[in-house]
Amino acid sequence: MGISRRLQYCHQGFDPPHQSDTRTIYIANRFPQHGHYIPQKFADNRIISSKYTVWNFVPKNLFEQFRRIANFYFLIIFLVQLMIDTPTSPITSGLPLFFVITVTAIKQGYEDWLRHKADNEVNGAPVYVVRSGGLVKTRSKNIRVGDIVRVAKDETFPVDLVLLSSDRVDGSCHVTTASLDGETNLKTHVAVPETAVLQSVANLDKLVAVIECQQPEADLYRFVGRITISQQMEEIVRPLGPESLLLRGARLKNTKEIFGVAVYTGMETKMALNYKSKSQKRSAVEKSMNSFLIIYLIILLFEAILSTILKYAWQAEEKWDEPWYNGKTEHERNSSKILRFISDFLAFLVLYNFIIPISLYVTVEMQKFLGSFFIGWDLDLYHEETNQRAQVNTSDLNEELGQVEYVFTDKTGTLTENEMQFRECSINGIKYQEVNGKLTPEGFSEDSPDGNRHTLMKEEELFLKAVCLCHTVQISADQTDGADGPWHANGIASPLEYYASSPDEKALVEAASRVGVVFMGTSGDSMEVKSLGKPERYKLLHVLEFDPNRRRMSVIVESPSGEKLLFTKGAESSILPRSKSGEIDKTRIHVDEFALKGLRTLCVAYRRFTPEEYQEIGKRLHEARTALQQREEKLADVFNFIERDLELLGATGVEDKLQEKVQETIEALRLAGIKVWVLTGDKHETAVSVSLSCGHFHRTMNILELVQHKSDSTCAEQLRQLAKRIKEDHVIQHGLVVDGTSLSLALREHEKLFMEVCKNCSAVLCCRMAPLQKAKVVRLLKTSPEKPITLAIGDGANDVSMIQEAHVGIGIMGKEGRQAVRNSDYAIARFKFLSKLLFVHGHFYYIRIATLVQYFFYKNVCFITPQFLYQFFCLFSQQTLYDSVYLTLYNICFTSLPVLIYSLFEQHVHPHVLQSKPVLYRDISKNAHLGYKPFLYWTILGFLHAFVFFYGSYLLMGEDTSLLGNGQMFGNWTFGTLVFTVMVITVTMKMALETHFWTWINHFVTWGSIVFYFIFSLFYGGIIWPFLHTQDMYFVFVQLLSSGSAWFAIILIVVACLFLDVVKKVLYRHLQPTSTEKAQMYSNRVALSDEFIALQPLSRARNQLSKISLLRQVQVSTAWTPCAASQMGKQHAHLLEECWND
């Protein structure tokens, strides 16, 4: 539809047809000068990763907090206490609830403030926009759709732009999209010819043009639009495709500056659309907590209903319905029985409500928040070269690190350093290596006569020229500008800085330049090469671009002698079958040898054309390139016609340098029972090669492939065959390779079959993946019937979706921007740190929180069960056993610190043992410590101890025995205080029994809690406090402690409670020890001190010692000095060094 037609609709007051499918953008926001025109509304350019705003924080946070069963329950109890007459004060429920809500809100508010800070940094970045005939500096968030934006070299694009012009005459520019799709290659983008000539701000300001394009969509590689330019009273229409679109997050390279018009802004950019919306992640432990709370809620309702029924059963006898000492009022006699029953039921509910541990949530929140600092303080997760330490963005998922079953990892920049290095090549059937800048045949040293040549043989020179001419490498603009090129005045060459369309090409061109054949750059349609100092110019006639089906690229050039040559390079599977001469068999053997070493291989071949052949080729190419119908198929046919009857020159082997200790980390993950999936946007061959070199695929593995399927039927058939093969070869380990297109087909109709194949494979590699496909794969596993815990790790913006989709998302602080780190839950500098993060920190966090949760339920059962039993002795009159101050402070003060400190410092096995024995990770997998068996054990133990507290105290005092020297009796408050005292000591001692790793802090809070209870009780009951309207506890505690029998009872009951527990632990440890318990005994045997374990090989022990001693010399970041380089740590290091030297 033409522009005039579109405007006509607007004048009539109607929306144009298909308004939702397209958007109209007036460049520089020059809207038609008509009164009726209403501009379309577009999103602003702000990126938002935060969850709250100042206005919605309170309601949204409160809503999220009251979704938690315990919080909502206590709110109800608090309201009930306000409305009816209950045995306890509303403060007993209200104060802990207020404390919990406030602490949680502060923590979540702080975390969101950090996200706001990161967003403001991005949104406030300075940009230059063309406005009112000049360049105006503004902030990124102020860019509007239609603005003309200027971007300079090495800057990232702040919005999705349609390229208008660059500093080059042809309007081209080079871009790296590493942070979007993980590919570090340079991509060439071009402007339409009519705007390419507008290279100044003044010229652009006069441009009158309209862009019509599709509405925003997530596909990075698709863009459909057209630009209508008004020139001298005529309209010129040009098509726009992906080659015209510069994506937000990509970086401008090798081009001084470009001008582009903003088409998609803010959360509508392709980068933002590939982010998954940030949802609240909840850990498996929190889900277990909620299910346990429901069980305890059922126990509470059962106790309240039973007590209410027994009360009315008891009152059926007249003497108990209205005893002489407790007469009813007239109002009570006339009130409805149903209302009285409900009122009594609610009163019992309030009396027993402490069985639900309100302070559990706040303790868990504090444990997670404070515990997360240990990750940042860990020296082993500190990367010295980049001065980066581990970072925690979300502390809610600490324990989830101990439950991971699947790891989804990106390849480029996560497993690899993203640095290619030339290693070997095969020329004319002879293997060569690069030695000190010379090509040396294998078996020859530099000193041998043949190894020290200063000339190149004819075959070698031709091979290196092929490498230097068949590529899409560019030279840095700075070096091609000067008249002398890259040569200084004194004749000494400055090293050329190459930018490549693939890292392999860059490595090959750099290697060729080192051994004497230097690519000097392109100028127009000619390519200059310097062979051993002698310059040669080749005319570039045609480029046959790489495509994944052909798996090769070619160039047709005219040599200085006028000969027409075709140079081709590509995967061996696409070059060797098309070669008719050359050392084909020898080269094939060499390629296999290179691949076995984990090198990325390419074959190089060439062909000479006769003038007639070239004329035929030129004609065919022109026809195919200008075809309007089936252009791609016609080009593919012509390329196949050209690239045949090749003469093989040789092959290359390039190494994508793996990050340090990647192999060891993947093997450790496998030993821990974790399956590793590699999801990458890279080519099939490259991905497989890296998978083999990093140990993800083993050489002994049977590699299955599901690639290049175009239809549902072929994909389904292949899946069935793979499933059959796996069943037949069940002994062998299998690895699966699947590409993006086949994956889309498999997930559409055959999800179950695909999942069955994947689960039976030890390792899965997905290549050519779009960012949202990565997230879909993670979701597929996450939502499968087994509901495994997933972890995604990556370093680029293309990994953000999968990082947000997985239960745990980890960002690598790599070379591809900070998007992954900003959107992750945790960030580390290197992949190798993942093993310590999971096997040590994850293990500790899970064990700590599992014990914390179950201990909380145990101590609350101990707390409330005596209250329930007491009702049998007080006619279910709702008389409380404990004073209301004790009710309020039991969870907040008397028993809270020992379990919090345990949950921060506990190390049940030494860290070195956990890291060196990944198998121990299996002991805690599948939420093993928070299942129904351990939960049942802790609950029964709580009831058992409660019965011992209550009936032990009752046997001592129940028969009206006088326990004081003056013959005075004990009252009900004294009895309740005795039960409470025994309980506080027992539950604190129980925590002490669970502690393996004792520090001075543990000792201080454990014994300090008991001492504090005694001191508090003496002060509380020993003084008349003027602000208390009743003081039932006056002198009760002092009186209790003045009885020797009471002291004896306290000791006897505590020992009776804990004796069985100790016996059980001893018997189980010796008769049926778990692998963790064996590791505990082993580590205790080989421990040198609490700080250091000599369990590692001597070399690693030496490394550890050198690391500790370096702490004295290195200036360590203040953020983690207090923990890592404490004085105690230095003394230990000094002592250990002395031991070592001795």
# chains A, B, ... in the order shown; residues from 1 in each chain; ligands from 1
>>> select_by_dssp(residues="segment 81-193 of chain A", states="strand (DSSP E or B)", output="PyMOL selection string")
chain A and resi 126-131+134-139+148-152+156+160-166+172-176+186-190
>>> residues_around(residues="Leu576 of chain A", least_positions_apart="6", cutoff="9 Å", atoms="only C-alpha atoms", output="list in words")
Ile584, Thr587, Arg588, Cys603, Ala605, Leu646 and Leu648 of chain A
>>> write_last_selection(atoms="C-alpha atoms", output="PDB file, in the first residue's frame")
ATOM      1  CA  ILE A 584      42.991 -36.683  -1.316  1.00  0.00           C
ATOM      2  CA  THR A 587      44.650 -35.247   3.426  1.00  0.00           C
ATOM      3  CA  ARG A 588      41.615 -37.210   4.629  1.00  0.00           C
ATOM      4  CA  CYS A 603      39.919 -28.156   3.528  1.00  0.00           C
ATOM      5  CA  ALA A 605      41.049 -26.429  -2.915  1.00  0.00           C
ATOM      6  CA  LEU A 646      38.570 -29.139  -7.725  1.00  0.00           C
ATOM      7  CA  LEU A 648      42.876 -30.256  -3.425  1.00  0.00           C
TER       8      LEU A 648
END
>>> residues_around(residues="segment 881-884 of chain A", least_positions_apart="6", cutoff="9 Å", atoms="only C-alpha atoms", output="ChimeraX atom specification")
/A:88-89,92,866-868,870-871,972-973,975-977,979-980,1032-1033
>>> write_last_selection(atoms="all heavy atoms", output="compact mmCIF listing (two decimals), in the first residue's frame")
# COMPACT_ATOMS: atom_id res chain seq x y z
N THR A 88 -4.35 -15.53 74.67
CA THR A 88 -3.08 -14.79 74.57
C THR A 88 -3.30 -13.43 73.92
O THR A 88 -4.28 -13.22 73.22
CB THR A 88 -2.05 -15.59 73.72
OG1 THR A 88 -2.63 -15.87 72.46
CG2 THR A 88 -1.65 -16.88 74.40
N SER A 89 -2.35 -12.54 74.15
CA SER A 89 -2.44 -11.17 73.64
C SER A 89 -2.19 -11.14 72.12
O SER A 89 -1.40 -11.93 71.61
CB SER A 89 -1.39 -10.31 74.35
OG SER A 89 -1.09 -9.17 73.60
N THR A 92 1.43 -11.33 70.70
CA THR A 92 2.19 -12.59 70.54
C THR A 92 2.23 -13.03 69.08
O THR A 92 3.18 -13.68 68.66
CB THR A 92 1.59 -13.72 71.40
OG1 THR A 92 0.22 -13.89 71.04
CG2 THR A 92 1.71 -13.43 72.88
N PRO A 866 3.19 -29.72 74.70
CA PRO A 866 2.87 -29.64 76.15
C PRO A 866 1.66 -28.74 76.43
O PRO A 866 0.87 -29.02 77.34
CB PRO A 866 4.14 -29.03 76.76
CG PRO A 866 5.23 -29.42 75.82
CD PRO A 866 4.61 -29.38 74.46
N GLN A 867 1.47 -27.68 75.63
CA GLN A 867 0.30 -26.80 75.77
C GLN A 867 -1.00 -27.59 75.56
O GLN A 867 -1.99 -27.41 76.27
CB GLN A 867 0.44 -25.68 74.72
CG GLN A 867 -0.61 -24.62 74.75
CD GLN A 867 -0.24 -23.45 75.65
OE1 GLN A 867 -0.35 -23.57 76.88
NE2 GLN A 867 0.18 -22.35 75.08
N PHE A 868 -0.95 -28.47 74.52
CA PHE A 868 -2.11 -29.32 74.21
C PHE A 868 -2.34 -30.34 75.33
O PHE A 868 -3.48 -30.53 75.79
CB PHE A 868 -1.85 -30.02 72.87
CG PHE A 868 -2.88 -31.07 72.49
CD1 PHE A 868 -4.19 -30.72 72.20
CD2 PHE A 868 -2.52 -32.42 72.43
CE1 PHE A 868 -5.13 -31.68 71.85
CE2 PHE A 868 -3.46 -33.38 72.09
CZ PHE A 868 -4.76 -33.01 71.80
N TYR A 870 -1.53 -30.11 78.39
CA TYR A 870 -1.93 -29.40 79.63
C TYR A 870 -3.44 -29.21 79.71
O TYR A 870 -4.02 -29.16 80.79
CB TYR A 870 -1.19 -28.05 79.68
CG TYR A 870 -1.44 -27.27 80.94
CD1 TYR A 870 -1.12 -27.80 82.20
CD2 TYR A 870 -1.97 -25.97 80.89
CE1 TYR A 870 -1.33 -27.06 83.35
CE2 TYR A 870 -2.17 -25.23 82.04
CZ TYR A 870 -1.86 -25.79 83.28
OH TYR A 870 -2.07 -25.06 84.41
N GLN A 871 -4.10 -29.11 78.51
CA GLN A 871 -5.55 -28.89 78.50
C GLN A 871 -6.31 -30.06 79.14
O GLN A 871 -7.40 -29.87 79.69
CB GLN A 871 -6.04 -28.66 77.06
CG GLN A 871 -5.50 -27.40 76.40
CD GLN A 871 -5.69 -26.15 77.25
OE1 GLN A 871 -6.81 -25.81 77.66
NE2 GLN A 871 -4.58 -25.47 77.56
N ASN A 972 0.81 -23.61 89.04
CA ASN A 972 0.79 -23.94 87.61
C ASN A 972 1.84 -23.16 86.81
O ASN A 972 2.39 -23.65 85.85
CB ASN A 972 -0.62 -23.75 87.02
CG ASN A 972 -1.03 -22.29 86.98
OD1 ASN A 972 -0.76 -21.56 87.93
ND2 ASN A 972 -1.67 -21.86 85.91
N TRP A 973 2.14 -21.88 87.21
CA TRP A 973 3.15 -21.11 86.48
C TRP A 973 4.55 -21.72 86.68
O TRP A 973 5.36 -21.72 85.77
CB TRP A 973 3.16 -19.65 86.93
CG TRP A 973 1.93 -18.89 86.48
CD1 TRP A 973 0.98 -18.33 87.28
CD2 TRP A 973 1.50 -18.66 85.13
NE1 TRP A 973 -0.01 -17.75 86.53
CE2 TRP A 973 0.28 -17.95 85.19
CE3 TRP A 973 2.01 -19.00 83.88
CZ2 TRP A 973 -0.42 -17.55 84.06
CZ3 TRP A 973 1.31 -18.60 82.76
CH2 TRP A 973 0.11 -17.89 82.85
N PHE A 975 5.09 -24.91 87.22
CA PHE A 975 5.10 -26.14 86.43
C PHE A 975 5.39 -25.80 84.95
O PHE A 975 6.23 -26.42 84.31
CB PHE A 975 3.74 -26.85 86.56
CG PHE A 975 3.59 -28.03 85.63
CD1 PHE A 975 4.32 -29.19 85.84
CD2 PHE A 975 2.71 -27.98 84.55
CE1 PHE A 975 4.18 -30.28 84.98
CE2 PHE A 975 2.57 -29.06 83.69
CZ PHE A 975 3.31 -30.21 83.91
N GLY A 976 4.69 -24.77 84.44
CA GLY A 976 4.88 -24.35 83.04
C GLY A 976 6.31 -23.88 82.80
O GLY A 976 6.91 -24.17 81.76
N THR A 977 6.88 -23.16 83.78
CA THR A 977 8.24 -22.64 83.64
C THR A 977 9.26 -23.78 83.65
O THR A 977 10.25 -23.74 82.92
CB THR A 977 8.55 -21.62 84.77
OG1 THR A 977 7.53 -20.63 84.75
CG2 THR A 977 9.90 -20.97 84.57
N VAL A 979 8.67 -26.89 82.55
CA VAL A 979 8.57 -27.50 81.22
C VAL A 979 9.30 -26.63 80.20
O VAL A 979 10.06 -27.13 79.36
CB VAL A 979 7.08 -27.68 80.81
CG1 VAL A 979 6.97 -28.14 79.35
CG2 VAL A 979 6.37 -28.66 81.72
N PHE A 980 9.11 -25.31 80.28
CA PHE A 980 9.71 -24.38 79.32
C PHE A 980 11.24 -24.39 79.43
O PHE A 980 11.96 -24.38 78.43
CB PHE A 980 9.16 -22.96 79.56
CG PHE A 980 9.48 -22.00 78.45
CD1 PHE A 980 8.69 -21.96 77.30
CD2 PHE A 980 10.57 -21.14 78.53
CE1 PHE A 980 8.98 -21.08 76.27
CE2 PHE A 980 10.87 -20.26 77.49
CZ PHE A 980 10.07 -20.23 76.37
N ASP A 1032 2.21 -12.43 86.47
CA ASP A 1032 2.01 -13.78 87.02
C ASP A 1032 3.33 -14.45 87.38
O ASP A 1032 3.37 -15.36 88.19
CB ASP A 1032 1.29 -14.67 85.98
CG ASP A 1032 -0.07 -14.10 85.62
OD1 ASP A 1032 -0.76 -13.62 86.53
OD2 ASP A 1032 -0.43 -14.14 84.43
N MET A 1033 4.42 -14.01 86.70
CA MET A 1033 5.71 -14.71 86.86
C MET A 1033 6.57 -14.14 87.98
O MET A 1033 7.73 -14.53 88.12
CB MET A 1033 6.49 -14.60 85.53
CG MET A 1033 5.86 -15.32 84.36
SD MET A 1033 5.73 -17.09 84.61
CE MET A 1033 7.45 -17.54 84.54
>>> atom_distance(atom1="atom CA of Ala672 of chain A", atom2="atom CA of Asn290 of chain A")
28.2 Å
>>> residues_around(residues="Val517 of chain A", least_positions_apart="2", cutoff="12 Å", atoms="only C-alpha atoms", output="number ranges by chain")
A: 437-439, 455-456, 460-469, 508-515, 519-520, 528-536
>>> write_last_selection(atoms="C-alpha atoms", output="mmCIF file, in the first residue's frame")
data_model
loop_
_atom_site.group_PDB
_atom_site.id
_atom_site.type_symbol
_atom_site.label_atom_id
_atom_site.label_comp_id
_atom_site.auth_asym_id
_atom_site.auth_seq_id
_atom_site.Cartn_x
_atom_site.Cartn_y
_atom_site.Cartn_z
ATOM 1 C CA GLY A 437 57.071 -18.033 12.341
ATOM 2 C CA LYS A 438 58.104 -20.682 9.779
ATOM 3 C CA LEU A 439 56.180 -23.574 8.261
ATOM 4 C CA THR A 455 61.617 -19.734 0.838
ATOM 5 C CA LEU A 456 58.269 -21.379 0.219
ATOM 6 C CA GLU A 460 52.987 -24.111 -0.015
ATOM 7 C CA GLU A 461 52.794 -20.630 -1.524
ATOM 8 C CA LEU A 462 49.643 -21.468 -3.510
ATOM 9 C CA PHE A 463 48.018 -22.959 -0.381
ATOM 10 C CA LEU A 464 48.829 -19.846 1.684
ATOM 11 C CA LYS A 465 47.583 -17.552 -1.106
ATOM 12 C CA ALA A 466 44.316 -19.517 -1.157
ATOM 13 C CA VAL A 467 44.029 -18.969 2.610
ATOM 14 C CA CYS A 468 44.783 -15.238 2.163
ATOM 15 C CA LEU A 469 42.257 -14.719 -0.641
ATOM 16 C CA LEU A 508 44.335 -18.570 9.325
ATOM 17 C CA VAL A 509 45.066 -15.164 7.754
ATOM 18 C CA GLU A 510 47.212 -14.207 10.783
ATOM 19 C CA ALA A 511 49.117 -17.528 10.554
ATOM 20 C CA ALA A 512 49.732 -17.022 6.799
ATOM 21 C CA SER A 513 51.072 -13.502 7.465
ATOM 22 C CA ARG A 514 53.478 -14.878 10.088
ATOM 23 C CA VAL A 515 54.965 -17.406 7.644
ATOM 24 C CA PHE A 519 46.971 -10.180 3.228
ATOM 25 C CA MET A 520 47.284 -6.390 2.854
ATOM 26 C CA GLU A 528 46.478 -7.172 -2.221
ATOM 27 C CA VAL A 529 48.755 -9.972 -1.001
ATOM 28 C CA LYS A 530 52.448 -9.706 -0.143
ATOM 29 C CA SER A 531 54.271 -12.998 -0.741
ATOM 30 C CA LEU A 532 57.709 -12.958 0.948
ATOM 31 C CA GLY A 533 57.787 -9.144 0.614
ATOM 32 C CA LYS A 534 56.663 -9.108 -3.043
ATOM 33 C CA PRO A 535 53.256 -7.384 -3.544
ATOM 34 C CA GLU A 536 50.636 -8.989 -5.828
#
>>> closest_residue(among="A:Glu505, A:Glu384, A:Asp44, A:Glu194", to="Asn123 of chain A", atoms="only C-alpha atoms")
A:Asp44
>>> closest_residue(among="A:Ile475, A:Arg748, A:Met813, A:Ile732", to="Met701 of chain A", atoms="only C-alpha atoms")
A:Ile732
>>> closest_atom_pairs(of="segment 614-684 of chain A", to="segment 824-836 of chain A", cutoff="9 Å", atoms="only C-alpha atoms", output="JSON lines")
{"residue": "A:Gln659", "atom": "CA", "partner": "A:Phe831", "partner_atom": "CA", "distance": 7.4}
{"residue": "A:Glu660", "atom": "CA", "partner": "A:Lys832", "partner_atom": "CA", "distance": 6.9}
{"residue": "A:Lys661", "atom": "CA", "partner": "A:Lys832", "partner_atom": "CA", "distance": 5.7}
{"residue": "A:Val662", "atom": "CA", "partner": "A:Lys832", "partner_atom": "CA", "distance": 5.8}
{"residue": "A:Gln663", "atom": "CA", "partner": "A:Lys832", "partner_atom": "CA", "distance": 8.8}
{"residue": "A:Glu664", "atom": "CA", "partner": "A:Lys832", "partner_atom": "CA", "distance": 8.0}
{"residue": "A:Thr665", "atom": "CA", "partner": "A:Lys832", "partner_atom": "CA", "distance": 5.7}
{"residue": "A:Ile666", "atom": "CA", "partner": "A:Ser835", "partner_atom": "CA", "distance": 8.6}
{"residue": "A:Ala668", "atom": "CA", "partner": "A:Ser835", "partner_atom": "CA", "distance": 7.2}
{"residue": "A:Leu669", "atom": "CA", "partner": "A:Ser835", "partner_atom": "CA", "distance": 7.2}
>>> write_last_selection(atoms="C-alpha atoms", output="compact mmCIF listing (two decimals), in the first residue's frame")
# COMPACT_ATOMS: atom_id res chain seq x y z
CA GLN A 659 38.98 -22.24 29.10
CA GLU A 660 41.17 -23.64 31.84
CA LYS A 661 39.92 -26.84 33.54
CA VAL A 662 36.77 -27.14 31.40
CA GLN A 663 37.36 -30.86 30.83
CA GLU A 664 37.87 -31.56 34.55
CA THR A 665 34.74 -29.54 35.41
CA ILE A 666 32.51 -31.39 32.90
CA ALA A 668 33.23 -33.76 37.74
CA LEU A 669 29.65 -32.75 36.85
>>> residues_around(residues="Ile358 of chain A", least_positions_apart="5", cutoff="7 Å", atoms="only C-alpha atoms", output="PyMOL selection string")
chain A and resi 70-71+96-97
>>> write_last_selection(atoms="all heavy atoms", output="tab-separated table (two decimals), in the first residue's frame")
chain	number	residue	atom	x	y	z
A	70	ALA	N	2.36	-19.45	55.82
A	70	ALA	CA	2.58	-19.10	57.22
A	70	ALA	C	2.24	-17.63	57.48
A	70	ALA	O	1.61	-17.29	58.48
A	70	ALA	CB	4.02	-19.37	57.63
A	71	ASN	N	2.65	-16.74	56.57
A	71	ASN	CA	2.38	-15.31	56.76
A	71	ASN	C	0.88	-15.03	56.75
A	71	ASN	O	0.36	-14.28	57.58
A	71	ASN	CB	3.06	-14.49	55.65
A	71	ASN	CG	4.57	-14.47	55.80
A	71	ASN	OD1	5.10	-14.97	56.78
A	71	ASN	ND2	5.25	-13.93	54.83
A	96	PRO	N	5.85	-10.85	65.93
A	96	PRO	CA	6.69	-11.67	65.04
A	96	PRO	C	6.33	-11.48	63.57
A	96	PRO	O	7.20	-11.43	62.71
A	96	PRO	CB	6.41	-13.11	65.49
A	96	PRO	CG	5.86	-13.00	66.87
A	96	PRO	CD	5.14	-11.68	66.92
A	97	LEU	N	5.02	-11.34	63.27
A	97	LEU	CA	4.58	-11.18	61.88
A	97	LEU	C	5.14	-9.87	61.29
A	97	LEU	O	5.69	-9.86	60.19
A	97	LEU	CB	3.05	-11.18	61.80
A	97	LEU	CG	2.45	-10.98	60.40
A	97	LEU	CD1	2.78	-12.15	59.49
A	97	LEU	CD2	0.95	-10.79	60.47
>>> atom_distance(atom1="atom CA of Pro158 of chain A", atom2="atom CA of Ala806 of chain A")
27.6 Å
>>> select_by_dssp(residues="segment 518-731 of chain A", states="helix (DSSP H, G or I)", output="PyMOL selection string")
chain A and resi 572-578+584-596+611-626+631-642+662-671+684-693+712-728
>>> residues_around(residues="Ile148 of chain A", least_positions_apart="5", cutoff="7 Å", atoms="only C-alpha atoms", output="list in words")
Ala28, Val129, Val130, Phe259, Gly260, Val261 and Ala262 of chain A
>>> write_last_selection(atoms="C-alpha atoms", output="mmCIF file, in the first residue's frame")
data_model
loop_
_atom_site.group_PDB
_atom_site.id
_atom_site.type_symbol
_atom_site.label_atom_id
_atom_site.label_comp_id
_atom_site.auth_asym_id
_atom_site.auth_seq_id
_atom_site.Cartn_x
_atom_site.Cartn_y
_atom_site.Cartn_z
ATOM 1 C CA ALA A 28 13.540 12.415 11.867
ATOM 2 C CA VAL A 129 20.944 12.170 17.933
ATOM 3 C CA VAL A 130 20.373 14.379 14.846
ATOM 4 C CA PHE A 259 23.938 7.030 11.030
ATOM 5 C CA GLY A 260 20.759 5.008 11.463
ATOM 6 C CA VAL A 261 17.082 5.592 12.133
ATOM 7 C CA ALA A 262 15.517 4.063 15.266
#
